[in-house]
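Enquirer: Quick one: this structure, given as structure tokens, is what I'll be asking you about.
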2 protein chains.
Amino acid sequence: MSLTEKIRNGDSRAVAKLITMVENDFQNAQPFLKELHQYCGKAIVVGITGPPGSGKSTITDKLTKHLRKMNKKVGIIAIDPSSPFSGGAILGDRIRMQDLTTDKDVFIRSVGARGHLGGLSRSTQAVVKIMDAMGKDFIFIETVGVGQSEIDVIKVSDVVLLVVMPGMGDDIQVIKAGIMEIGDIFVVNKSDRDGSDKLIAEIEMMLHLIEKEEKWHPPILKTVGTENIGIDVLWKEVEKCTDYLKESGEMFLRRKNRTRKEIFDLFQESWREMFFQFISEERLEKEVERVLKQNDNPYNAVKKLSAIFKENLFKEGE
Amino acid sequence: MSLTEKIRNGDSRAVAKLITMVENDFQNAQPFLKELHQYCGKAIVVGITGPPGSGKSTITDKLTKHLRKMNKKVGIIAIDPSSPFSGGAILGDRIRMQDLTTDKDVFIRSVGARGHLGGLSRSTQAVVKIMDAMGKDFIFIETVGVGQSEIDVIKVSDVVLLVVMPGMGDDIQVIKAGIMEIGDIFVVNKSDRDGSDKLIAEIEMMLHLIEKEEKWHPPILKTVGTENIGIDVLWKEVEKCTDYLKESGEMFLRRKNRTRKEIFDLFQESWREMFFQFISEERLEKEVERVLKQNDNPYNAVKKLSAIFKENLFKEGE
């Protein structure tokens, strides 16, 4: 069996192999991804984001167990751009999911920062594709924090859950406008703590300020993840939301955005690779030193480097 | 007086004007930045990062007041990649700094996400340049969170303070390896709370694991920002650290990295702009739809778009 056939049969070792290739040697992974692309588009991608400590992992864990009871296959991608690592059970949070890792119909993977700009987004999209092709019904993308790189990644989900908790105090800023806007469903986790009603009122107020034109009004749900409270109601809302998104054509638009982003990321990465192919390290260092020593400015340096880049490109094109 | 002369004279309205230009119309801002570049390199850039709620703004505020007593001129840049806004006093935190905003020798500016990829880093570098040229002695770059985009920005500081606080619980993950490594000085703020000694022990252990080859061993300092406790000791450590960095040549290396990043960011942005100039929206949409409808895959789409891009570039070069 070929690697892609193995992946389609759900062979997790084959999946792990291709994901590692995506991270270490994207050029060689591309033909496989190309082949898998035709089997994609079936999985629903659920983004789960929110400030650190709000209990995103617990929510993901409980939702996964809920779905397993319905015999659905699940993929989990943990996005951690601040981690230089990627791979298996590295995050402390992952430990809590240990009982899931023995379930062959659940595939968990962390995606770390792995060097390249744009790489986080590119890697995540590739891992989604692989999990989709291996037949997962639902793919959770869970972020560690709420930085811009995480938001960029989560934006391309089909549906986004924003998990918050009472007692964040001043840190209501972490769920401010920019992030509020991407939430389709709000989850007030750890809702047995003081202040959850106040938080709900604040979210309602902020949602009112945003005033989306869409027909979908993001519900705000209470959960206590660790106690499994509110999980089934939450999932029902996710289903309701995905139904709405499908019927309204909004999901098609989102997937279009995801595809556009995927194409642009791939484009940018390929040109980035060319930069380092066409411009030698010595040449770049020479410009850096000149700028640093005030013999030139960075804008002229870029002009010069762009000229070299073009020249090489022209030569290659001949 | 020209705009750049006004900026060099510390005219804050001229400064604000150029910063707005940087954000809205970088092409037109470039000649001014080019002119200012020769007056740069004097300011020390101090990065202040750490998880939300650790009190970074308070530390920045108190350090600024400390420096003002020594008659030093200060610039403050607040990085908030999750905010679609940029400009003046938008963040809740900024409100606490209101008494600083009336001080003409303190210049405060927020930098938001403003669309473009790489733009956050580019804007921040430009604002540093402008504040440097206007004669600031110290420039603080403060982040809201600890996402990858913030880390990328803060990395280019001359010296980095990592602010944490006791009681983050599970969220010790937010100060894990990737972020630990960039801290030159650790600040355990809110150290009057329970658990600060435990936190210090944990940081020491983690620092031990990193085992840098450098001679500089990051000190771990206790502060209570709101009470102004520990601020003078902290600043002495910052001075000690910058002295070390200068003497060891490490600061030169960091500025070299900053310059390299600046050049690469500018390069990438200019090619990004060309993409949208050479490839029409309709053309891109056509490919997106084809991929989405499974008539093609994204890798082929990129190949096709790259060919169009090159063709246009060749035409332009003729």
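Lettering and numbering for the structure tokens are positional, with chains as A, B, ... in the shown order, residues counted from 1 in each chain, and ligands counted from 1 in the shown order.
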Give me, as a list in words, all polymer residues having an atom no more than 10 Å from Glu237 (chain B), counting only C-alpha atoms and skipping those fewer than 5 positions away in the same chain.

Expert: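 The neighbour list is Asp184, Ile185, Pro218, Pro219, Ile220, Leu221, Ile231, Asp232, Thr242 and Asp243 of chain B.
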
Enquirer: Per DSSP on the backbone, what are the alpha helix (DSSP H) residues of region 101-308 of chain A, as an NGL selection string?

Expert: :A and (101 or 119-133 or 148-154 or 177-180 or 196-210 or 231-248 or 250-278 or 281-292 or 298-308)

Enquirer: When you look at Leu67 (chain A) with a cut-off of 12 Å (counting only C-alpha atoms), what residues show up, excluding the ones that are within fewer than 2 positions of it in the same chain? I need them as a list in words.

Expert: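 These residues fall inside the cut-off: Thr60, Asp61, Lys62, Leu63, Thr64, Lys65, Lys69, Met70, Asn71, Lys72, Lys73, Val74, Gly75, Leu100, Asp105, Val106, Lys136, Asp137, Phe138, Ile139, Phe140, Ile231, Asp232, Leu234, Trp235, Lys236, Val238 and Glu239 of chain A.
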
Enquirer: Tell me, in Å to one decimal, how far CA of Lys303 (chain A) is from CA of Glu262 (chain B).

Expert: 13.1 Å

Enquirer: Please determine, counting only C-alpha atoms, which residue among A:Ile77, A:Leu313, A:Met206, A:Leu253 has the shortest atom-to-atom distance to Trp271 (chain A).

Expert: A:Leu313

Enquirer: Go ahead and compute the interatomic distance for CA of Thr58 (chain A) and CA of Lys155 (chain A), in Å to one decimal.

Expert: 21.0 Å

Enquirer: Looking at only C-alpha atoms, which of A:Ser54, A:Ser191, A:Gln38, A:Ser123 is the one that sits closest to chain B?

Expert: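 Smallest distance to chain B is found for A:Gln38.
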
Enquirer: Go through B:Gly249, B:Ile19, B:Leu305, B:Leu199 and flag the residue nearest Gln125 (chain B), using only C-alpha atoms for the distances.

Expert: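 Checking each of B:Gly249, B:Ile19, B:Leu305, B:Leu199 against Gln125 (chain B), counting only C-alpha atoms, the winner is B:Ile19.
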
Enquirer: Rank nothing, just name the residue among B:Glu23, B:Glu247, B:Glu289, B:Asp11 nearest to Ile263 (chain A), using only C-alpha atoms.

Expert: B:Glu289

Enquirer: Pick out the closest residue to chain A from this set: B:Asn312, B:Thr223, B:Ser110, B:Thr259. Count only C-alpha atoms.

Expert: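 Once distances to chain A are computed over only C-alpha atoms, the minimum belongs to B:Thr259.
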
Enquirer: Excluding Glu5 (chain B) and its own-chain neighbours fewer than 3 positions away, which residues fall within 10 Å of it when counting only C-alpha atoms? Please give them as a list in words.

Expert: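 The neighbour list is Met1, Ser2, Arg8, Asn9, Gly10, Asp11, Ala14, Glu35, Leu36, Ala133 and Met134 of chain B.
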
Enquirer: If you count only C-alpha atoms, which residues fall within 7 Å of Val156 (chain B), apart from same-chain ones fewer than 4 positions away, as a PDB file with C-alpha atoms, in the first residue's frame?

Expert:
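Once written, result_19.pdb looks like this:
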```pdb
ATOM      1  CA  ARG B 254      21.079  41.461  18.535  1.00  0.00           C
ATOM      2  CA  ASN B 257      19.446  40.301  13.957  1.00  0.00           C
ATOM      3  CA  ARG B 258      17.059  43.222  14.203  1.00  0.00           C
TER       4      ARG B 258
END
```

Enquirer: Which of these residues is nearest to Ser57 (chain A), using only C-alpha atoms: A:Val144, A:Lys129, A:Ala301, A:Ile108?

Expert: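 Of A:Val144, A:Lys129, A:Ala301, A:Ile108, the one nearest Ser57 (chain A) is A:Val144, counting only C-alpha atoms.
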
Enquirer: Go ahead and compute the interatomic distance for CA of Lys6 (chain A) and CA of Thr124 (chain A), in Å to one decimal.

Expert: 20.5 Å
